[in-house]
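The structure appears right after this line, and notes come after that.
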There are 2 protein chains.
Amino acid sequence: MNRRELLKFTALALAAESAAALPDSASQASEKVQRWDAVEFSHRGPAVGNPFVDVTLLATFRLKNRSLTVGGFYDGDGVYKIRFMPDELGVWTWSTASNAPALHGKSGAFECIAAEQGNRGPVSVRDGYHFAYADGAPYVECGTTCYAWAFQPEATQRQTIAALAASPFNKLRMCLFPKWYQHNHKEPPLYPFPRNGETNDYSTFNAAYFQDLDRLIVELGRMGVQADLILFHPYDKWGYQSMPPDVDERYLRYVIARFSAYHNVWWSLANEYDLLKSKTNADWDWYARILRESDAFDHLRSIHYGNTQYDYGRGWCTHAGVQDSRMQLGAQWRQDWGKPVVFDECRYEGNIASTWGDLSGDAMTGRFWKAAVQGCYGGHGETYLDASDVLWWSHGGVLHGTSPAKIAFLRSLLEETIALGHGPVGFTNFSSDPMGARRANGSVIFYYFDEHQPAEGTFVLPEGKTYTAEYIDTLKLTRTPLAGQYSGNAQVKLPGTPWGSLWFREKGVP
Amino acid sequence: MNRRELLKFTALALAAESAAALPDSASQASEKVQRWDAVEFSHRGPAVGNPFVDVTLLATFRLKNRSLTVGGFYDGDGVYKIRFMPDELGVWTWSTASNAPALHGKSGAFECIAAEQGNRGPVSVRDGYHFAYADGAPYVECGTTCYAWAFQPEATQRQTIAALAASPFNKLRMCLFPKWYQHNHKEPPLYPFPRNGETNDYSTFNAAYFQDLDRLIVELGRMGVQADLILFHPYDKWGYQSMPPDVDERYLRYVIARFSAYHNVWWSLANEYDLLKSKTNADWDWYARILRESDAFDHLRSIHYGNTQYDYGRGWCTHAGVQDSRMQLGAQWRQDWGKPVVFDECRYEGNIASTWGDLSGDAMTGRFWKAAVQGCYGGHGETYLDASDVLWWSHGGVLHGTSPAKIAFLRSLLEETIALGHGPVGFTNFSSDPMGARRANGSVIFYYFDEHQPAEGTFVLPEGKTYTAEYIDTLKLTRTPLAGQYSGNAQVKLPGTPWGSLWFREKGVP
């Protein structure tokens, strides 16, 4: 069910019911929902007092002997909503529990039907260090960053959507709170909490603010883009980085109730967690516990650091989302943490005055390659100066750089042959840097030469296999088959140009 | 006195004397020697027994209240030589002491006269982290490597000399022992010790072998190229890396006696000392002590490592000659060791199968720039595959790469303005990497952007000074003055291209 359908569904349901006691909007199992789509049930309930604080609402969904409980949330105007993402075919039943009589004991059913093509479900960890969709298709992570795109004018958001659709990027890091930072000195159109002058009214949420986020997350999902939602960040002038603990918890439970039924949600506890000086390690532990407890769908979870690397070995993290440019350490980290490593931030293509945002497009591309040969994943961002101060990294808008096309080329190569997971292999001849990667079953092995330009090399191939070879120019985007077959300690003549990549593919193995 | 003059002088002296008791060849002070030239005195002495082992010969040179003692050496055919490099104007007298009566009590005098233009004397450390000639002129170190050029055919040696003359390189790392290694699988034309099959006769030296080295060192000196003599190395099939201790000592004292009077000599205790598995730290200490004791001219001393970094804080080292590609650590090392840091080996331009020898020319150039902004010095080598297996890094011959011209450009920039010594400055805006360097007195400050391409930046300039600015493309070798004057927290608009360098020069300061 996409956003338009969802709105229509909600509107129909509301129109059909009285405000006092809204019957279940899906009380017949004739209601059909695609697997991994969000289904939403709306109920009228108390509109007086403080519905955000006073009213509790839970719903339990059951299929055969399984049951999953989700929180409901107040969406303003007397309307309470419950969202759910069915992950299994069949007739699901549900019932509610609430301290508000009008919301208590509601029940109903719907039928989960097969997903249409292109609806592949949420992404989770696969093969230890990689990702896959729920339908089993490999997900080759290829992320970018538009921190504050949710708080830009809709025209800019439409540009962002169009740019993403034409790009290789299949994950977007975005903040749930507005951003105040260099190149980001505008007030957002809405605030998450009612605001009087410099004061936040933390007792209630501004439902319209979160409805905007709904719309954007659903849009991303429709395009197959994962929404990597950043729950806290330090680029803040409004106070959201240092709210009272009960507000932190209410906020987390609210966004989990609202967004977790969307298949494309990833959670990032924070951007640059270590720069949120008012929070302690115990705070982060507590937030992580809330996520684990309340997200019935177990979306991917991580955290991003500024200066002090987080210990991604911690149990609650599903993967590492590092900010680091030391791509050569990826393979070791992968092994140390036993998890996928995504270089969510390895600096950005651009030309601003900050060294984290002035990489050449070729350098940005190179970082994706260096991540790939470590069996890890890169992360893109773009920071070109703009007369209107619209920079992709924060506002979205239009992509100007040269790296996206080159990163697309890499992604297609990885998807073509290596999608089943790959890991680093040591380079021959005295290099201690892993500069090559191999598919888990050894059917594909590739090397990246970076600033090196060997005209020949010896490459140790797995015994008993025969390979063809291809030389790839990672910047000119050319692919040149090399004559002959290769096996054992393969002697290979190479073009001797920098920024090359050598691919061995096992003969007869697709 | 160059080599030809020296030979003529020796021949004349020999011709004038009887074989039994050769009087002093420079017994009259009418003999004139340029400051920092090598002067040589030959004497006939015992030709029977083992002159290399049995005969000791020392000579003491005196000027006013100074005296310097050097060892003499046997050069075969009954001829003993004493070499000396006068460093002060005036009439020097000398006298010998020997256990051979024919060599004992010789004496003479010569007048040290002013050096001709271009004769600037030996290089030593200046301003803590830099180098200068004895005449006070700054020496901007710009080294290359031809490990085994001394053991190649004379035609190749002539090519090497011509290539060096046309290059920016003013220091050459070269081995005193022949080399056996990949691309180096030929026997040398001569051996340092008489050799019978696989056995070395360590009891004597092969004088002709060392005469060849004399010739090459003198040639380099004439061109203004420092000869960085590598005393031991592990690329050996003949046994020179594991000689008996008494042979090690005799060898060291012999080469010190022979070569130390040449103004352009630097000593490198070893190449990849840690790969010489038969030697202990105590051995290296002992070799260093011999150098310090026996080299009356106190030439520069260092050592080169493979995997385990040497502690260059040790007192005997005059500077660090590192093998490392972590250019970003140079400034810290400089400070830690309190000495100049030369990246003698930061991998080589070339296209061989080893990752230490397949850098693009642009990458090689970039390493020199990265060293420069750390207040350190780079090191060049070239390893392009060659049908005759003549690779510059070892054999010399012809330079094929693109980096020498670009390195020449950097050297000329450094000599133009920064020659008085420079040190790193932190880059603005969150970079922890020092990417800028400044002249000690603040009159020149420059930044290198590497793969970064900022289109603007804020650069903190010393208070009370006004600067002009220039943008340099380090690969295209273009220099573009930027309009205006700069001071304080200078806002600068830049071209926004990678591989750039920004230079501030104080107005009115040459």
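To be explicit about the labels: the chains of the structure tokens are called A, B, and onward in the order shown, and within each one the residues are counted from 1, while ligands get numbers from 1 in the order they are shown.
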- May I have the residues within 12 Å of Gly315 (chain B) as JSON, numbers by chain, using only C-alpha atoms and disregarding those fewer than 2 positions away in the same chain? {"B": [285, 288, 289, 292, 301, 302, 311, 312, 313, 317, 318, 319, 320, 337, 338, 339]}
Need to verify the contact set: region 150-165 of chain B, 9 Å, only C-alpha atoms, exclusion of same-chain residues closer than 2 positions in sequence. Can you return it as a CSV table (one decimal) with N, CA, C and O atoms, in the first residue's frame?
```csv
chain,number,residue,atom,x,y,z
B,146,CYS,N,69.4,4.7,-7.1
B,146,CYS,CA,69.9,3.8,-8.1
B,146,CYS,C,70.9,2.8,-7.4
B,146,CYS,O,72.1,2.9,-7.5
B,147,TYR,N,70.2,1.9,-6.7
B,147,TYR,CA,71.0,1.1,-5.7
B,147,TYR,C,72.3,0.5,-6.3
B,147,TYR,O,73.3,0.5,-5.6
B,148,ALA,N,72.2,0.0,-7.4
B,148,ALA,CA,73.3,-0.9,-7.9
B,148,ALA,C,73.9,-0.2,-9.2
B,148,ALA,O,74.6,-1.0,-10.0
B,167,SER,N,68.0,16.1,-14.3
B,167,SER,CA,66.9,15.9,-13.3
B,167,SER,C,67.0,16.9,-12.2
B,167,SER,O,68.0,17.6,-12.0
B,168,PRO,N,65.9,16.9,-11.3
B,168,PRO,CA,66.0,17.7,-10.1
B,168,PRO,C,66.7,17.0,-9.0
B,168,PRO,O,66.8,17.6,-7.9
B,169,PHE,N,67.2,15.8,-9.2
B,169,PHE,CA,67.7,15.1,-8.0
B,169,PHE,C,69.1,15.5,-7.6
B,169,PHE,O,70.0,15.6,-8.4
B,170,ASN,N,69.2,15.8,-6.3
B,170,ASN,CA,70.5,16.2,-5.8
B,170,ASN,C,71.0,15.3,-4.7
B,170,ASN,O,71.9,15.7,-3.9
B,172,LEU,N,71.7,10.8,-4.3
B,172,LEU,CA,71.5,9.5,-4.9
B,172,LEU,C,71.8,8.4,-3.9
B,172,LEU,O,72.9,8.4,-3.3
B,174,MET,N,72.8,4.8,-3.1
B,174,MET,CA,73.6,3.8,-3.8
B,174,MET,C,74.3,2.8,-2.8
B,174,MET,O,74.7,3.2,-1.8
B,175,CYS,N,74.3,1.6,-3.2
B,175,CYS,CA,74.9,0.5,-2.4
B,175,CYS,C,76.4,0.4,-2.6
B,175,CYS,O,76.8,0.6,-3.8
B,176,LEU,N,77.1,0.1,-1.6
B,176,LEU,CA,78.5,-0.1,-1.8
B,176,LEU,C,78.8,-1.6,-2.0
B,176,LEU,O,79.9,-2.0,-2.5
B,177,PHE,N,77.8,-2.5,-1.8
B,177,PHE,CA,77.9,-3.9,-2.1
B,177,PHE,C,77.0,-4.2,-3.3
B,177,PHE,O,76.0,-3.5,-3.5
B,178,PRO,N,77.4,-5.1,-4.1
B,178,PRO,CA,76.5,-5.5,-5.3
B,178,PRO,C,75.2,-6.0,-4.8
B,178,PRO,O,75.0,-6.3,-3.6
B,179,LYS,N,74.2,-6.1,-5.7
B,179,LYS,CA,72.8,-6.4,-5.3
B,179,LYS,C,72.3,-7.6,-6.0
B,179,LYS,O,72.5,-7.7,-7.2
B,187,GLU,N,75.8,-11.1,-12.1
B,187,GLU,CA,77.0,-11.0,-11.2
B,187,GLU,C,77.6,-9.6,-11.5
B,187,GLU,O,77.5,-9.1,-12.7
B,188,PRO,N,78.2,-8.9,-10.5
B,188,PRO,CA,78.9,-7.7,-10.8
B,188,PRO,C,80.2,-7.9,-11.6
B,188,PRO,O,80.7,-9.0,-11.5
B,189,PRO,N,80.7,-6.9,-12.2
B,189,PRO,CA,82.0,-7.0,-13.0
B,189,PRO,C,83.1,-7.3,-12.0
B,189,PRO,O,84.1,-8.0,-12.4
B,190,LEU,N,83.1,-6.7,-10.8
B,190,LEU,CA,84.1,-6.9,-9.8
B,190,LEU,C,83.5,-7.2,-8.5
B,190,LEU,O,82.3,-6.9,-8.3
B,212,ASP,N,86.6,2.1,-8.6
B,212,ASP,CA,85.4,2.4,-9.4
B,212,ASP,C,84.4,3.2,-8.6
B,212,ASP,O,83.8,4.2,-9.1
B,213,LEU,N,84.3,2.9,-7.3
B,213,LEU,CA,83.4,3.7,-6.5
B,213,LEU,C,83.9,5.1,-6.3
B,213,LEU,O,83.1,6.1,-6.4
B,216,LEU,N,82.9,7.2,-9.3
B,216,LEU,CA,81.5,7.5,-9.3
B,216,LEU,C,81.1,8.6,-8.3
B,216,LEU,O,80.3,9.5,-8.6
B,219,GLU,N,82.3,11.8,-9.5
B,219,GLU,CA,81.4,12.3,-10.6
B,219,GLU,C,80.1,13.0,-10.0
B,219,GLU,O,79.7,14.0,-10.5
B,220,LEU,N,79.5,12.3,-9.1
B,220,LEU,CA,78.3,12.8,-8.5
B,220,LEU,C,78.6,14.2,-7.8
B,220,LEU,O,77.9,15.2,-7.9
B,223,MET,N,78.7,17.1,-10.0
B,223,MET,CA,77.4,17.5,-10.4
B,223,MET,C,76.6,18.1,-9.3
B,223,MET,O,75.4,18.5,-9.5
B,225,VAL,N,75.6,16.3,-6.7
B,225,VAL,CA,74.7,15.3,-6.2
B,225,VAL,C,75.3,14.6,-5.0
B,225,VAL,O,76.5,14.1,-5.1
B,390,VAL,N,66.8,-3.0,-17.2
B,390,VAL,CA,67.5,-1.9,-16.7
B,390,VAL,C,66.4,-0.9,-16.1
B,390,VAL,O,65.7,-0.2,-16.8
B,392,TRP,N,65.7,2.1,-13.4
B,392,TRP,CA,66.4,3.2,-12.7
B,392,TRP,C,66.7,3.0,-11.3
B,392,TRP,O,67.8,3.2,-10.8
B,395,HIS,N,69.5,0.1,-11.4
B,395,HIS,CA,70.6,0.1,-12.4
B,395,HIS,C,71.0,1.5,-12.9
B,395,HIS,O,72.0,1.7,-13.4
B,396,GLY,N,70.1,2.5,-12.7
B,396,GLY,CA,70.3,3.8,-13.3
B,396,GLY,C,69.9,3.7,-14.7
B,396,GLY,O,68.9,3.0,-15.1
B,397,GLY,N,70.6,4.4,-15.6
B,397,GLY,CA,70.2,4.4,-17.0
B,397,GLY,C,69.4,5.6,-17.4
B,397,GLY,O,69.9,6.7,-17.1
B,398,VAL,N,68.2,5.4,-17.9
B,398,VAL,CA,67.4,6.5,-18.4
B,398,VAL,C,66.1,6.6,-17.6
B,398,VAL,O,65.6,5.6,-17.1
B,399,LEU,N,65.7,7.9,-17.4
B,399,LEU,CA,64.4,8.1,-16.7
B,399,LEU,C,63.3,8.1,-17.7
B,399,LEU,O,63.4,8.8,-18.7
```
- Just how far from CA of Asn264 (chain B) is CA of Arg126 (chain B), in Å to one decimal?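 Interatomic distance here is 16.2 Å.
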- Task: Could the residues of chain B within 8 Å of chain A, counting only C-alpha atoms, be given as a ChimeraX atom specification, please?
- Result: /B:350-356,358-360,363,385,428-431,451-458,496-498
Based on the selection just made, write N, CA and C atoms of those residues as a JSON list (two decimals), in the first residue's frame.
```json
[["chain", "number", "residue", "atom", "x", "y", "z"],
["B", 350, "GLY", "N", 56.38, 3.69, -11.38],
["B", 350, "GLY", "CA", 56.72, 2.57, -12.24],
["B", 350, "GLY", "C", 55.52, 1.71, -12.56],
["B", 351, "ASN", "N", 55.80, 0.53, -13.06],
["B", 351, "ASN", "CA", 54.69, -0.37, -13.43],
["B", 351, "ASN", "C", 55.03, -1.84, -13.21],
["B", 352, "ILE", "N", 55.96, -2.11, -12.29],
["B", 352, "ILE", "CA", 56.29, -3.51, -12.02],
["B", 352, "ILE", "C", 55.19, -4.16, -11.17],
["B", 353, "ALA", "N", 55.32, -5.44, -10.96],
["B", 353, "ALA", "CA", 54.26, -6.19, -10.28],
["B", 353, "ALA", "C", 54.21, -5.94, -8.78],
["B", 354, "SER", "N", 55.20, -5.29, -8.23],
["B", 354, "SER", "CA", 55.22, -5.05, -6.78],
["B", 354, "SER", "C", 54.59, -3.70, -6.47],
["B", 355, "THR", "N", 53.77, -3.69, -5.43],
["B", 355, "THR", "CA", 53.05, -2.44, -5.13],
["B", 355, "THR", "C", 53.98, -1.33, -4.66],
["B", 356, "TRP", "N", 55.21, -1.67, -4.29],
["B", 356, "TRP", "CA", 56.15, -0.60, -3.93],
["B", 356, "TRP", "C", 56.78, 0.02, -5.16],
["B", 358, "ASP", "N", 54.96, 0.60, -8.38],
["B", 358, "ASP", "CA", 53.99, 0.77, -9.48],
["B", 358, "ASP", "C", 53.14, 2.03, -9.32],
["B", 359, "LEU", "N", 53.70, 3.04, -8.69],
["B", 359, "LEU", "CA", 52.95, 4.29, -8.54],
["B", 359, "LEU", "C", 52.87, 5.03, -9.86],
["B", 360, "SER", "N", 51.76, 5.71, -10.08],
["B", 360, "SER", "CA", 51.69, 6.64, -11.20],
["B", 360, "SER", "C", 52.64, 7.81, -10.92],
["B", 363, "ALA", "N", 51.11, 10.21, -8.57],
["B", 363, "ALA", "CA", 51.13, 9.79, -7.16],
["B", 363, "ALA", "C", 52.52, 10.02, -6.55],
["B", 385, "LEU", "N", 59.11, -1.39, -16.19],
["B", 385, "LEU", "CA", 59.59, -2.62, -16.81],
["B", 385, "LEU", "C", 60.39, -2.26, -18.05],
["B", 428, "THR", "N", 42.88, 24.71, 8.17],
["B", 428, "THR", "CA", 41.67, 25.21, 8.83],
["B", 428, "THR", "C", 40.53, 24.21, 8.69],
["B", 429, "ASN", "N", 39.48, 24.45, 9.39],
["B", 429, "ASN", "CA", 38.22, 23.75, 9.19],
["B", 429, "ASN", "C", 38.28, 22.24, 9.39],
["B", 430, "PHE", "N", 38.57, 21.84, 10.58],
["B", 430, "PHE", "CA", 38.36, 20.47, 11.02],
["B", 430, "PHE", "C", 39.31, 19.44, 10.46],
["B", 431, "SER", "N", 40.29, 19.82, 9.73],
["B", 431, "SER", "CA", 41.22, 18.79, 9.28],
["B", 431, "SER", "C", 42.28, 18.61, 10.34],
["B", 451, "GLU", "N", 43.90, 15.55, -3.12],
["B", 451, "GLU", "CA", 42.65, 15.19, -3.81],
["B", 451, "GLU", "C", 41.50, 16.13, -3.44],
["B", 452, "HIS", "N", 41.76, 17.10, -2.62],
["B", 452, "HIS", "CA", 40.74, 18.08, -2.24],
["B", 452, "HIS", "C", 40.68, 19.20, -3.28],
["B", 453, "GLN", "N", 39.53, 19.82, -3.41],
["B", 453, "GLN", "CA", 39.35, 20.85, -4.43],
["B", 453, "GLN", "C", 38.50, 22.00, -3.90],
["B", 454, "PRO", "N", 38.88, 22.59, -2.77],
["B", 454, "PRO", "CA", 38.06, 23.68, -2.23],
["B", 454, "PRO", "C", 37.99, 24.86, -3.20],
["B", 455, "ALA", "N", 36.82, 25.46, -3.32],
["B", 455, "ALA", "CA", 36.65, 26.66, -4.15],
["B", 455, "ALA", "C", 36.76, 27.92, -3.30],
["B", 456, "GLU", "N", 36.86, 27.74, -2.01],
["B", 456, "GLU", "CA", 37.06, 28.87, -1.12],
["B", 456, "GLU", "C", 37.66, 28.33, 0.16],
["B", 457, "GLY", "N", 38.21, 29.23, 0.94],
["B", 457, "GLY", "CA", 38.77, 28.79, 2.21],
["B", 457, "GLY", "C", 39.15, 29.99, 3.05],
["B", 458, "THR", "N", 39.24, 29.74, 4.35],
["B", 458, "THR", "CA", 39.73, 30.74, 5.28],
["B", 458, "THR", "C", 41.11, 30.28, 5.75],
["B", 496, "GLY", "N", 39.09, 25.63, -7.25],
["B", 496, "GLY", "CA", 38.26, 24.44, -7.01],
["B", 496, "GLY", "C", 38.68, 23.25, -7.85],
["B", 497, "THR", "N", 39.98, 23.11, -8.08],
["B", 497, "THR", "CA", 40.50, 21.96, -8.82],
["B", 497, "THR", "C", 41.39, 21.14, -7.89],
["B", 498, "PRO", "N", 41.42, 19.83, -8.08],
["B", 498, "PRO", "CA", 42.31, 19.03, -7.22],
["B", 498, "PRO", "C", 43.78, 19.22, -7.60]]
```
- Item | Exercise: Tyr235 (chain B) partners within 12 Å, only C-alpha atoms, chain neighbours under 4 positions left out, as JSON, numbers by chain | {"B": [147, 148, 175, 176, 177, 178, 179, 180, 181, 182, 183, 184, 185, 230, 239, 240, 241, 242, 270, 271, 272, 273, 275, 276, 277, 394]}
- Message: DSSP on the backbone, strand (DSSP E) only: what residues of region 18-108 of chain A does that give? Format it as a PyMOL selection string.
- Response: chain A and resi 32-34+39-44+57-63+66-71+73-74+79-84+90-98+107-108
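Counting only C-alpha atoms, the residue from B:Ile407, B:Val123, B:Val91, B:Ala166 that sits nearest to Val33 (chain B) is B:Val91.
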- Message: What parts of region 298-487 of chain A does DSSP call alpha helix (DSSP H)? I'd like the answer as a ChimeraX atom specification.
- Response: /A:330-337,361-373,392-395,403-413
- Query: Between B:Arg438, B:Arg173, B:Arg195, B:Lys406, which one has atoms that come closest to Glu345 (chain B), using only C-alpha atoms?
  - Reply: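 Between B:Arg438, B:Arg173, B:Arg195, B:Lys406, the residue approaching Glu345 (chain B) most closely is B:Arg173.
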- Query: What does the distance from CA of Gly118 (chain A) to CA of Arg35 (chain A) come to in Å, to one decimal?
  - Reply: 11.6 Å
- Query: Taking into account only C-alpha atoms, which residue in the set A:Met85, A:Val247, A:Leu329, A:Met435 is nearest to His299 (chain A)?
  - Reply: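 Smallest separation from His299 (chain A) among the options: A:Met85.
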